[in-house]
>>> print(open('input33.pdb').read())   # PDB, C-alpha atoms
ATOM      1  CA  MET A 116       0.000   0.000   0.000  1.00  0.00           C
ATOM      2  CA  ASN A 117       1.177   3.543  -0.755  1.00  0.00           C
ATOM      3  CA  PRO A 118       2.848   5.267   2.263  1.00  0.00           C
ATOM      4  CA  ILE A 119       0.680   8.386   1.816  1.00  0.00           C
ATOM      5  CA  SER A 120      -2.568   6.437   1.744  1.00  0.00           C
ATOM      6  CA  THR A 121      -1.363   4.393   4.724  1.00  0.00           C
ATOM      7  CA  ALA A 122      -0.520   7.629   6.538  1.00  0.00           C
ATOM      8  CA  CYS A 123      -3.928   9.119   5.602  1.00  0.00           C
ATOM      9  CA  HIS A 124      -5.666   6.008   6.875  1.00  0.00           C
ATOM     10  CA  SER A 125      -3.662   6.055  10.136  1.00  0.00           C
ATOM     11  CA  LEU A 126      -4.198   9.785  10.575  1.00  0.00           C
ATOM     12  CA  ILE A 127      -7.963   9.408  10.140  1.00  0.00           C
ATOM     13  CA  LEU A 128      -7.922   6.590  12.715  1.00  0.00           C
ATOM     14  CA  GLU A 129      -6.116   8.906  15.153  1.00  0.00           C
ATOM     15  CA  TRP A 130      -8.674  11.641  14.515  1.00  0.00           C
ATOM     16  CA  SER A 131     -11.382   9.088  15.123  1.00  0.00           C
ATOM     17  CA  ARG A 132      -9.657   8.124  18.389  1.00  0.00           C
ATOM     18  CA  MET A 133      -9.541  11.810  19.371  1.00  0.00           C
ATOM     19  CA  ALA A 134     -13.239  12.250  18.504  1.00  0.00           C
ATOM     20  CA  THR A 135     -14.073   9.191  20.615  1.00  0.00           C
ATOM     21  CA  LEU A 136     -11.987  10.550  23.483  1.00  0.00           C
ATOM     22  CA  ILE A 137     -13.687  13.947  23.274  1.00  0.00           C
ATOM     23  CA  SER A 138     -17.098  12.288  23.059  1.00  0.00           C
ATOM     24  CA  SER A 139     -16.418  10.107  26.113  1.00  0.00           C
ATOM     25  CA  ARG A 140     -15.162  13.129  28.073  1.00  0.00           C
ATOM     26  CA  VAL A 141     -18.291  15.063  27.132  1.00  0.00           C
ATOM     27  CA  GLU A 142     -20.449  12.145  28.278  1.00  0.00           C
ATOM     28  CA  LYS A 143     -18.532  11.891  31.582  1.00  0.00           C
ATOM     29  CA  PHE A 144     -18.917  15.629  32.062  1.00  0.00           C
ATOM     30  CA  ARG A 145     -22.615  15.441  31.288  1.00  0.00           C
ATOM     31  CA  LYS A 146     -23.183  12.630  33.763  1.00  0.00           C
ATOM     32  CA  LYS A 147     -20.931  13.852  36.538  1.00  0.00           C
ATOM     33  CA  ILE A 148     -21.392  17.596  36.376  1.00  0.00           C
ATOM     34  CA  THR A 149     -24.649  18.284  34.613  1.00  0.00           C
ATOM     35  CA  LYS A 150     -26.728  15.646  36.317  1.00  0.00           C
ATOM     36  CA  ASN A 151     -25.319  16.102  39.799  1.00  0.00           C
ATOM     37  CA  ASN A 152     -23.995  19.605  40.251  1.00  0.00           C
ATOM     38  CA  LEU A 153     -25.915  21.785  37.816  1.00  0.00           C
ATOM     39  CA  ASP A 154     -29.285  20.369  38.809  1.00  0.00           C
ATOM     40  CA  LYS A 155     -28.425  20.903  42.487  1.00  0.00           C
ATOM     41  CA  LEU A 156     -27.143  24.422  41.806  1.00  0.00           C
ATOM     42  CA  CYS A 157     -30.304  25.396  39.944  1.00  0.00           C
ATOM     43  CA  GLU A 158     -32.421  23.905  42.718  1.00  0.00           C
ATOM     44  CA  GLN A 159     -30.431  25.773  45.392  1.00  0.00           C
ATOM     45  CA  LYS A 160     -30.735  29.011  43.429  1.00  0.00           C
ATOM     46  CA  LEU A 161     -34.520  28.620  43.217  1.00  0.00           C
ATOM     47  CA  GLU A 162     -34.782  27.691  46.901  1.00  0.00           C
ATOM     48  CA  SER A 163     -32.692  30.701  47.876  1.00  0.00           C
ATOM     49  CA  ARG A 164     -34.848  33.030  45.816  1.00  0.00           C
ATOM     50  CA  LYS A 165     -38.042  31.461  47.180  1.00  0.00           C
ATOM     51  CA  PHE A 166     -36.783  31.800  50.761  1.00  0.00           C
ATOM     52  CA  LEU A 167     -35.939  35.466  50.193  1.00  0.00           C
ATOM     53  CA  GLU A 168     -39.357  36.175  48.690  1.00  0.00           C
ATOM     54  CA  ASN A 169     -41.214  34.320  51.475  1.00  0.00           C
ATOM     55  CA  GLU A 170     -39.306  36.088  54.229  1.00  0.00           C
ATOM     56  CA  LYS A 171     -39.834  39.441  52.575  1.00  0.00           C
ATOM     57  CA  LYS A 172     -43.588  38.780  52.212  1.00  0.00           C
ATOM     58  CA  LYS A 173     -43.817  37.692  55.841  1.00  0.00           C
ATOM     59  CA  PHE A 174     -42.113  40.870  57.065  1.00  0.00           C
ATOM     60  CA  GLU A 175     -44.137  43.035  54.694  1.00  0.00           C
ATOM     61  CA  ASN A 176     -47.393  41.522  56.014  1.00  0.00           C
ATOM     62  CA  VAL A 177     -46.444  42.321  59.607  1.00  0.00           C
ATOM     63  CA  ARG A 178     -45.428  45.821  58.576  1.00  0.00           C
ATOM     64  CA  ARG A 179     -48.598  46.359  56.513  1.00  0.00           C
ATOM     65  CA  LYS A 180     -50.823  45.182  59.396  1.00  0.00           C
ATOM     66  CA  ALA A 181     -49.109  47.601  61.803  1.00  0.00           C
ATOM     67  CA  GLN A 182     -49.546  50.458  59.319  1.00  0.00           C
ATOM     68  CA  CYS A 183     -53.229  49.602  58.764  1.00  0.00           C
ATOM     69  CA  ASP A 184     -53.851  49.399  62.515  1.00  0.00           C
ATOM     70  CA  LEU A 185     -52.144  52.771  62.913  1.00  0.00           C
ATOM     71  CA  ALA A 186     -54.178  54.368  60.132  1.00  0.00           C
ATOM     72  CA  ASP A 187     -57.363  52.929  61.631  1.00  0.00           C
ATOM     73  CA  ILE A 188     -56.724  54.249  65.135  1.00  0.00           C
ATOM     74  CA  GLN A 189     -55.466  57.541  63.726  1.00  0.00           C
ATOM     75  CA  SER A 190     -58.774  58.133  61.927  1.00  0.00           C
ATOM     76  CA  LYS A 191     -60.673  57.250  65.141  1.00  0.00           C
ATOM     77  CA  TYR A 192     -58.442  59.604  67.105  1.00  0.00           C
ATOM     78  CA  LEU A 193     -58.972  62.458  64.652  1.00  0.00           C
ATOM     79  CA  ALA A 194     -62.749  61.880  64.682  1.00  0.00           C
ATOM     80  CA  GLN A 195     -62.816  61.843  68.486  1.00  0.00           C
ATOM     81  CA  ALA A 196     -60.659  64.977  68.657  1.00  0.00           C
ATOM     82  CA  SER A 197     -63.054  66.703  66.268  1.00  0.00           C
ATOM     83  CA  LYS A 198     -66.047  65.688  68.415  1.00  0.00           C
ATOM     84  CA  PHE A 199     -64.251  66.875  71.527  1.00  0.00           C
ATOM     85  CA  LYS A 200     -63.464  70.227  69.955  1.00  0.00           C
ATOM     86  CA  LYS A 201     -67.116  70.724  68.999  1.00  0.00           C
ATOM     87  CA  LEU A 202     -68.208  69.651  72.468  1.00  0.00           C
ATOM     88  CA  ASN A 203     -65.872  72.161  74.127  1.00  0.00           C
ATOM     89  CA  GLU A 204     -67.301  74.924  71.976  1.00  0.00           C
ATOM     90  CA  ASN A 205     -70.825  74.054  73.116  1.00  0.00           C
ATOM     91  CA  SER A 206     -69.796  72.958  76.599  1.00  0.00           C
ATOM     92  CA  LYS A 207     -72.808  72.885  78.890  1.00  0.00           C
ATOM     93  CA  ASN A 208     -72.729  69.471  80.498  1.00  0.00           C
ATOM     94  CA  SER A 209     -69.607  68.752  82.508  1.00  0.00           C
ATOM     95  CA  GLU A 210     -70.382  65.013  82.874  1.00  0.00           C
ATOM     96  CA  GLU A 211     -70.638  64.640  79.102  1.00  0.00           C
ATOM     97  CA  THR A 212     -67.410  66.634  78.724  1.00  0.00           C
ATOM     98  CA  GLN A 213     -65.662  64.381  81.218  1.00  0.00           C
ATOM     99  CA  GLN A 214     -66.851  61.278  79.323  1.00  0.00           C
ATOM    100  CA  LYS A 215     -65.687  62.677  75.997  1.00  0.00           C
ATOM    101  CA  THR A 216     -62.371  63.723  77.565  1.00  0.00           C
ATOM    102  CA  ALA A 217     -61.862  60.210  78.962  1.00  0.00           C
ATOM    103  CA  GLU A 218     -62.760  58.713  75.580  1.00  0.00           C
ATOM    104  CA  LEU A 219     -60.336  61.075  73.835  1.00  0.00           C
ATOM    105  CA  HIS A 220     -57.568  60.139  76.302  1.00  0.00           C
ATOM    106  CA  ARG A 221     -58.262  56.423  75.788  1.00  0.00           C
ATOM    107  CA  ILE A 222     -58.142  56.731  71.994  1.00  0.00           C
ATOM    108  CA  HIS A 223     -55.083  58.976  72.259  1.00  0.00           C
ATOM    109  CA  ASN A 224     -53.329  56.301  74.337  1.00  0.00           C
ATOM    110  CA  GLU A 225     -54.354  53.603  71.846  1.00  0.00           C
ATOM    111  CA  TYR A 226     -53.040  55.792  69.050  1.00  0.00           C
ATOM    112  CA  ILE A 227     -49.688  56.249  70.823  1.00  0.00           C
ATOM    113  CA  LEU A 228     -49.437  52.472  71.395  1.00  0.00           C
ATOM    114  CA  LYS A 229     -50.251  51.737  67.763  1.00  0.00           C
ATOM    115  CA  LEU A 230     -47.735  54.362  66.683  1.00  0.00           C
ATOM    116  CA  LYS A 231     -45.081  52.671  68.800  1.00  0.00           C
ATOM    117  CA  GLU A 232     -46.113  49.267  67.402  1.00  0.00           C
ATOM    118  CA  ALA A 233     -45.900  50.601  63.860  1.00  0.00           C
ATOM    119  CA  ASN A 234     -42.460  52.105  64.524  1.00  0.00           C
ATOM    120  CA  PHE A 235     -41.308  48.837  66.098  1.00  0.00           C
ATOM    121  CA  ALA A 236     -42.689  46.837  63.161  1.00  0.00           C
ATOM    122  CA  GLU A 237     -40.914  49.188  60.742  1.00  0.00           C
ATOM    123  CA  GLU A 238     -37.663  48.781  62.662  1.00  0.00           C
ATOM    124  CA  GLN A 239     -38.090  44.993  62.748  1.00  0.00           C
ATOM    125  CA  TYR A 240     -38.893  45.011  59.032  1.00  0.00           C
ATOM    126  CA  ILE A 241     -35.689  46.889  58.205  1.00  0.00           C
ATOM    127  CA  ASN A 242     -33.537  44.705  60.510  1.00  0.00           C
ATOM    128  CA  SER A 243     -35.135  41.514  59.227  1.00  0.00           C
ATOM    129  CA  LEU A 244     -34.656  42.532  55.623  1.00  0.00           C
ATOM    130  CA  LYS A 245     -31.030  43.307  56.347  1.00  0.00           C
ATOM    131  CA  SER A 246     -30.464  39.857  57.848  1.00  0.00           C
ATOM    132  CA  VAL A 247     -32.353  38.150  55.010  1.00  0.00           C
ATOM    133  CA  LEU A 248     -30.325  40.091  52.458  1.00  0.00           C
ATOM    134  CA  VAL A 249     -27.083  39.126  54.202  1.00  0.00           C
ATOM    135  CA  TYR A 250     -28.231  35.492  54.148  1.00  0.00           C
ATOM    136  CA  HIS A 251     -29.146  35.814  50.469  1.00  0.00           C
ATOM    137  CA  GLU A 252     -25.783  37.420  49.692  1.00  0.00           C
ATOM    138  CA  ASP A 253     -23.960  34.575  51.466  1.00  0.00           C
ATOM    139  CA  ALA A 254     -26.054  32.012  49.613  1.00  0.00           C
ATOM    140  CA  GLN A 255     -25.241  33.747  46.326  1.00  0.00           C
ATOM    141  CA  LYS A 256     -21.521  33.679  47.134  1.00  0.00           C
ATOM    142  CA  ILE A 257     -21.723  29.938  47.806  1.00  0.00           C
ATOM    143  CA  LEU A 258     -23.669  29.400  44.592  1.00  0.00           C
ATOM    144  CA  ASN A 259     -21.218  31.515  42.619  1.00  0.00           C
ATOM    145  CA  ASN A 260     -18.291  29.526  44.011  1.00  0.00           C
ATOM    146  CA  SER A 261     -20.104  26.316  43.073  1.00  0.00           C
ATOM    147  CA  TRP A 262     -20.681  27.614  39.555  1.00  0.00           C
ATOM    148  CA  LYS A 263     -17.024  28.564  39.354  1.00  0.00           C
ATOM    149  CA  GLN A 264     -16.078  25.027  40.382  1.00  0.00           C
ATOM    150  CA  VAL A 265     -18.365  23.574  37.687  1.00  0.00           C
ATOM    151  CA  LEU A 266     -16.794  25.830  35.068  1.00  0.00           C
ATOM    152  CA  MET A 267     -13.301  24.837  36.252  1.00  0.00           C
ATOM    153  CA  GLU A 268     -14.244  21.185  35.837  1.00  0.00           C
ATOM    154  CA  LEU A 269     -15.604  21.954  32.377  1.00  0.00           C
ATOM    155  CA  ALA A 270     -12.303  23.616  31.486  1.00  0.00           C
ATOM    156  CA  GLU A 271     -10.494  20.496  32.724  1.00  0.00           C
ATOM    157  CA  TYR A 272     -12.676  18.266  30.574  1.00  0.00           C
ATOM    158  CA  MET A 273     -11.995  20.459  27.529  1.00  0.00           C
ATOM    159  CA  ASP A 274      -8.226  20.622  28.129  1.00  0.00           C
ATOM    160  CA  CYS A 275      -6.552  19.363  24.955  1.00  0.00           C
ATOM    161  CA  THR A 276      -3.114  19.531  26.577  1.00  0.00           C
ATOM    162  CA  ARG A 277      -3.903  16.417  28.626  1.00  0.00           C
ATOM    163  CA  SER A 278      -1.680  13.406  28.017  1.00  0.00           C
ATOM    164  CA  GLU A 279      -4.356  11.485  26.060  1.00  0.00           C
ATOM    165  CA  PHE A 280      -4.659  14.308  23.544  1.00  0.00           C
ATOM    166  CA  LYS A 281      -0.894  14.836  23.423  1.00  0.00           C
ATOM    167  CA  ASP A 282      -0.370  11.140  22.638  1.00  0.00           C
ATOM    168  CA  ILE A 283      -2.831  11.286  19.749  1.00  0.00           C
ATOM    169  CA  THR A 284      -1.296  14.515  18.421  1.00  0.00           C
ATOM    170  CA  SER A 285       2.236  13.119  18.768  1.00  0.00           C
ATOM    171  CA  LYS A 286       1.281   9.887  17.013  1.00  0.00           C
ATOM    172  CA  SER A 287      -0.376  11.902  14.207  1.00  0.00           C
ATOM    173  CA  HIS A 288       2.802  13.962  13.744  1.00  0.00           C
ATOM    174  CA  ASN A 289       4.919  10.797  13.712  1.00  0.00           C
ATOM    175  CA  ILE A 290       2.689   9.234  11.043  1.00  0.00           C
ATOM    176  CA  VAL A 291       3.190  12.227   8.782  1.00  0.00           C
ATOM    177  CA  THR A 292       6.909  12.540   9.592  1.00  0.00           C
ATOM    178  CA  ASP A 293       7.523   8.845   8.802  1.00  0.00           C
ATOM    179  CA  ILE A 294       6.363   9.252   5.195  1.00  0.00           C
ATOM    180  CA  VAL A 295       9.309   8.818   2.833  1.00  0.00           C
ATOM    181  CA  THR A 296       8.232  10.849  -0.169  1.00  0.00           C
ATOM    182  CA  ASP A 297      10.947   9.470  -2.480  1.00  0.00           C
ATOM    183  CA  SER A 298       9.592   5.941  -2.135  1.00  0.00           C
ATOM    184  CA  CYS A 299       6.055   7.063  -2.931  1.00  0.00           C
ATOM    185  CA  TYR A 300       6.865   7.645  -6.599  1.00  0.00           C
ATOM    186  CA  ASP A 301       8.846   4.429  -6.854  1.00  0.00           C
ATOM    187  CA  GLU A 302       5.980   2.462  -5.362  1.00  0.00           C
ATOM    188  CA  LEU A 303       3.542   4.110  -7.771  1.00  0.00           C
ATOM    189  CA  CYS A 304       5.726   3.086 -10.673  1.00  0.00           C
ATOM    190  CA  ILE A 305       5.998  -0.495  -9.442  1.00  0.00           C
ATOM    191  CA  LYS A 306       2.280  -0.753  -8.820  1.00  0.00           C
ATOM    192  CA  ASN A 307       1.407   0.541 -12.288  1.00  0.00           C
ATOM    193  CA  ASN A 308       4.277  -1.350 -14.070  1.00  0.00           C
ATOM    194  CA  THR A 309       5.635   1.711 -15.768  1.00  0.00           C
TER     195      THR A 309
END
>>> encode(input="input33.pdb", output="structure tokens")
Amino acid sequence: MNPISTACHSLILEWSRMATLISSRVEKFRKKITKNNLDKLCEQKLESRKFLENEKKKFENVRRKAQCDLADIQSKYLAQASKFKKLNENSKNSEETQQKTAELHRIHNEYILKLKEANFAEEQYINSLKSVLVYHEDAQKILNNSWKQVLMELAEYMDCTRSEFKDITSKSHNIVTDIVTDSCYDELCIKNNT
């Protein structure tokens, strides 16, 4: 057989070996990394986001309730203050004035308590959000490091400087280098009896 055709055949076999090697590495990567790590990373990312949203909703509900309670008592307080003002303008009955004054003081005290509750809820909301955001930031850092590790493993799987690839490349170069071009013409002549 002609040395060039033999070399071509051998070179194509080496390329086929390289393609098989690449294909097997891709399959290993797919099984090891994609199935295990990427699915877990995506799941963790979704869980982290869901946790953040749930915590935020929980704190917002507490905050919203405190604000609604405050607005409710504030409107009652303003209505009572308005009634009291009108009563003082037409003040004739001291017992009625005392009752309205006591009622105004009671609503005023409720208003002050609700105001303190609303301020406390607002403070808790801000502190809770801070801690949830710190947790979320830490979770994101862990996820980012995990993604980095996955990408490093992908780079390792794609590394063509590994010994398996070097062996194939070296063998391919040797096949081509071993061709003796002078004998190619002689062999052609012998084969064709010219």
>>> resolve_selection(input="input33.pdb", expression="the PyMOL selection byres ((chain A and resi 120) around 12)", output="ChimeraX atom specification")
/A:116-119,121-127,290-291,294,296,299,302-303
>>> atom_distance(input="input33.pdb", atom1="CA of Lys286 (chain A)", atom2="CA of Arg132 (chain A)")
11.2 Å
>>> residues_around(input="input33.pdb", residues="region 221-235 of chain A", least_positions_apart="5", cutoff="10 Å", atoms="all atoms listed in the file", output="list in words")
Val177, Arg178, Arg179, Lys180, Ala181, Gln182, Cys183, Asp184, Leu185, Ala186, Asp187, Ile188, Gln189, Ser190, Lys191, Tyr192, Leu193, Gln195, Ala196, Lys215, Thr216, Tyr240 and Ile241 of chain A
>>> residues_around(input="input33.pdb", residues="Gln159 (chain A)", least_positions_apart="6", cutoff="10 Å", atoms="only C-alpha atoms", output="count of residues only")
6
>>> atom_distance(input="input33.pdb", atom1="CA of Leu167 (chain A)", atom2="CA of Glu237 (chain A)")
18.0 Å
>>> axis_aligned_box(input="input33.pdb", around="region 257-273 of chain A", padding_each_side="4 Å", output="JSON")
{"center_x": -17.1, "center_y": 24.9, "center_z": 37.7, "size_x": 21.2, "size_y": 21.2, "size_z": 28.3}
>>> residues_near_point(input="input33.pdb", point="(-22.3, 25.0, 45.0)", cutoff="12 Å", atoms="only C-alpha atoms", output="list in words")
Ile148, Asn151, Asn152, Leu153, Asp154, Lys155, Leu156, Cys157, Glu158, Gln159, Lys160, Asp253, Ala254, Gln255, Lys256, Ile257, Leu258, Asn259, Asn260, Ser261, Trp262, Lys263, Gln264, Val265 and Leu266 of chain A
>>> atom_distance(input="input33.pdb", atom1="CA of Cys275 (chain A)", atom2="CA of Thr135 (chain A)")
13.4 Å
>>> residues_around(input="input33.pdb", residues="Phe166 (chain A)", least_positions_apart="4", cutoff="12 Å", atoms="all atoms listed in the file", output="list in words")
Gln159, Lys160, Leu161, Glu162, Glu170, Lys171, Lys172, Lys173, Leu244, Val247, Leu248, Tyr250, His251 and Ala254 of chain A
>>> closest_residue(input="input33.pdb", among="A:Gln239, A:Asn169, A:Arg140, A:Asp293", to="Asp274 (chain A)", atoms="only C-alpha atoms")
A:Arg140
>>> closest_residue(input="input33.pdb", among="A:Ser285, A:Ala270, A:Asn308, A:Asp301", to="Val141 (chain A)", atoms="all atoms listed in the file")
A:Ala270
>>> closest_residue(input="input33.pdb", among="A:Tyr300, A:Tyr272, A:Phe280, A:Thr292", to="Arg145 (chain A)", atoms="only C-alpha atoms")
A:Tyr272
>>> build_atoms(input="input33.pdb", residues="region 119-141 of chain A", atoms="N, CA, C and O atoms", output="PDB file, in the coordinates of the input")
ATOM      1  N   ILE A 119       1.562   7.230   1.569  1.00  0.00           N
ATOM      2  CA  ILE A 119       0.680   8.386   1.816  1.00  0.00           C
ATOM      3  C   ILE A 119      -0.723   7.907   2.155  1.00  0.00           C
ATOM      4  O   ILE A 119      -1.346   8.419   3.086  1.00  0.00           O
ATOM      5  N   SER A 120      -1.226   6.926   1.431  1.00  0.00           N
ATOM      6  CA  SER A 120      -2.568   6.437   1.744  1.00  0.00           C
ATOM      7  C   SER A 120      -2.570   5.729   3.094  1.00  0.00           C
ATOM      8  O   SER A 120      -3.532   5.832   3.865  1.00  0.00           O
ATOM      9  N   THR A 121      -1.481   5.018   3.404  1.00  0.00           N
ATOM     10  CA  THR A 121      -1.363   4.393   4.724  1.00  0.00           C
ATOM     11  C   THR A 121      -1.347   5.462   5.805  1.00  0.00           C
ATOM     12  O   THR A 121      -2.016   5.342   6.841  1.00  0.00           O
ATOM     13  N   ALA A 122      -0.590   6.521   5.574  1.00  0.00           N
ATOM     14  CA  ALA A 122      -0.520   7.629   6.538  1.00  0.00           C
ATOM     15  C   ALA A 122      -1.883   8.297   6.682  1.00  0.00           C
ATOM     16  O   ALA A 122      -2.308   8.614   7.801  1.00  0.00           O
ATOM     17  N   CYS A 123      -2.573   8.511   5.541  1.00  0.00           N
ATOM     18  CA  CYS A 123      -3.928   9.119   5.602  1.00  0.00           C
ATOM     19  C   CYS A 123      -4.855   8.241   6.419  1.00  0.00           C
ATOM     20  O   CYS A 123      -5.602   8.733   7.267  1.00  0.00           O
ATOM     21  N   HIS A 124      -4.809   6.940   6.148  1.00  0.00           N
ATOM     22  CA  HIS A 124      -5.666   6.008   6.875  1.00  0.00           C
ATOM     23  C   HIS A 124      -5.347   6.053   8.383  1.00  0.00           C
ATOM     24  O   HIS A 124      -6.254   6.145   9.222  1.00  0.00           O
ATOM     25  N   SER A 125      -4.086   6.017   8.728  1.00  0.00           N
ATOM     26  CA  SER A 125      -3.662   6.055  10.136  1.00  0.00           C
ATOM     27  C   SER A 125      -4.037   7.377  10.799  1.00  0.00           C
ATOM     28  O   SER A 125      -4.471   7.407  11.955  1.00  0.00           O
ATOM     29  N   LEU A 126      -3.862   8.461  10.039  1.00  0.00           N
ATOM     30  CA  LEU A 126      -4.198   9.785  10.575  1.00  0.00           C
ATOM     31  C   LEU A 126      -5.700   9.889  10.851  1.00  0.00           C
ATOM     32  O   LEU A 126      -6.114  10.398  11.902  1.00  0.00           O
ATOM     33  N   ILE A 127      -6.499   9.377   9.941  1.00  0.00           N
ATOM     34  CA  ILE A 127      -7.963   9.408  10.140  1.00  0.00           C
ATOM     35  C   ILE A 127      -8.340   8.541  11.344  1.00  0.00           C
ATOM     36  O   ILE A 127      -9.229   8.914  12.126  1.00  0.00           O
ATOM     37  N   LEU A 128      -7.670   7.424  11.530  1.00  0.00           N
ATOM     38  CA  LEU A 128      -7.922   6.590  12.715  1.00  0.00           C
ATOM     39  C   LEU A 128      -7.573   7.343  14.001  1.00  0.00           C
ATOM     40  O   LEU A 128      -8.295   7.243  15.002  1.00  0.00           O
ATOM     41  N   GLU A 129      -6.482   8.102  13.980  1.00  0.00           N
ATOM     42  CA  GLU A 129      -6.116   8.906  15.153  1.00  0.00           C
ATOM     43  C   GLU A 129      -7.146  10.001  15.417  1.00  0.00           C
ATOM     44  O   GLU A 129      -7.506  10.269  16.566  1.00  0.00           O
ATOM     45  N   TRP A 130      -7.623  10.621  14.350  1.00  0.00           N
ATOM     46  CA  TRP A 130      -8.674  11.641  14.515  1.00  0.00           C
ATOM     47  C   TRP A 130      -9.926  10.998  15.101  1.00  0.00           C
ATOM     48  O   TRP A 130     -10.596  11.567  15.950  1.00  0.00           O
ATOM     49  N   SER A 131     -10.225   9.807  14.610  1.00  0.00           N
ATOM     50  CA  SER A 131     -11.382   9.088  15.123  1.00  0.00           C
ATOM     51  C   SER A 131     -11.192   8.769  16.607  1.00  0.00           C
ATOM     52  O   SER A 131     -12.127   8.887  17.401  1.00  0.00           O
ATOM     53  N   ARG A 132      -9.965   8.376  16.980  1.00  0.00           N
ATOM     54  CA  ARG A 132      -9.657   8.124  18.389  1.00  0.00           C
ATOM     55  C   ARG A 132      -9.841   9.398  19.217  1.00  0.00           C
ATOM     56  O   ARG A 132     -10.378   9.367  20.325  1.00  0.00           O
ATOM     57  N   MET A 133      -9.398  10.538  18.656  1.00  0.00           N
ATOM     58  CA  MET A 133      -9.541  11.810  19.371  1.00  0.00           C
ATOM     59  C   MET A 133     -11.034  12.156  19.511  1.00  0.00           C
ATOM     60  O   MET A 133     -11.467  12.588  20.580  1.00  0.00           O
ATOM     61  N   ALA A 134     -11.800  11.957  18.445  1.00  0.00           N
ATOM     62  CA  ALA A 134     -13.239  12.250  18.504  1.00  0.00           C
ATOM     63  C   ALA A 134     -13.915  11.368  19.556  1.00  0.00           C
ATOM     64  O   ALA A 134     -14.763  11.833  20.323  1.00  0.00           O
ATOM     65  N   THR A 135     -13.521  10.107  19.611  1.00  0.00           N
ATOM     66  CA  THR A 135     -14.073   9.191  20.615  1.00  0.00           C
ATOM     67  C   THR A 135     -13.689   9.647  22.014  1.00  0.00           C
ATOM     68  O   THR A 135     -14.522   9.627  22.935  1.00  0.00           O
ATOM     69  N   LEU A 136     -12.457  10.062  22.184  1.00  0.00           N
ATOM     70  CA  LEU A 136     -11.987  10.550  23.483  1.00  0.00           C
ATOM     71  C   LEU A 136     -12.774  11.792  23.900  1.00  0.00           C
ATOM     72  O   LEU A 136     -13.245  11.882  25.039  1.00  0.00           O
ATOM     73  N   ILE A 137     -12.922  12.721  22.971  1.00  0.00           N
ATOM     74  CA  ILE A 137     -13.687  13.947  23.274  1.00  0.00           C
ATOM     75  C   ILE A 137     -15.124  13.581  23.615  1.00  0.00           C
ATOM     76  O   ILE A 137     -15.691  14.078  24.597  1.00  0.00           O
ATOM     77  N   SER A 138     -15.712  12.701  22.830  1.00  0.00           N
ATOM     78  CA  SER A 138     -17.098  12.288  23.059  1.00  0.00           C
ATOM     79  C   SER A 138     -17.255  11.628  24.428  1.00  0.00           C
ATOM     80  O   SER A 138     -18.218  11.914  25.158  1.00  0.00           O
ATOM     81  N   SER A 139     -16.311  10.763  24.805  1.00  0.00           N
ATOM     82  CA  SER A 139     -16.418  10.107  26.113  1.00  0.00           C
ATOM     83  C   SER A 139     -16.233  11.116  27.243  1.00  0.00           C
ATOM     84  O   SER A 139     -16.894  11.027  28.273  1.00  0.00           O
ATOM     85  N   ARG A 140     -15.361  12.099  27.047  1.00  0.00           N
ATOM     86  CA  ARG A 140     -15.162  13.129  28.073  1.00  0.00           C
ATOM     87  C   ARG A 140     -16.414  13.994  28.211  1.00  0.00           C
ATOM     88  O   ARG A 140     -16.792  14.362  29.314  1.00  0.00           O
ATOM     89  N   VAL A 141     -17.048  14.285  27.089  1.00  0.00           N
ATOM     90  CA  VAL A 141     -18.291  15.063  27.132  1.00  0.00           C
ATOM     91  C   VAL A 141     -19.356  14.264  27.881  1.00  0.00           C
ATOM     92  O   VAL A 141     -20.084  14.814  28.716  1.00  0.00           O
TER      93      VAL A 141
END
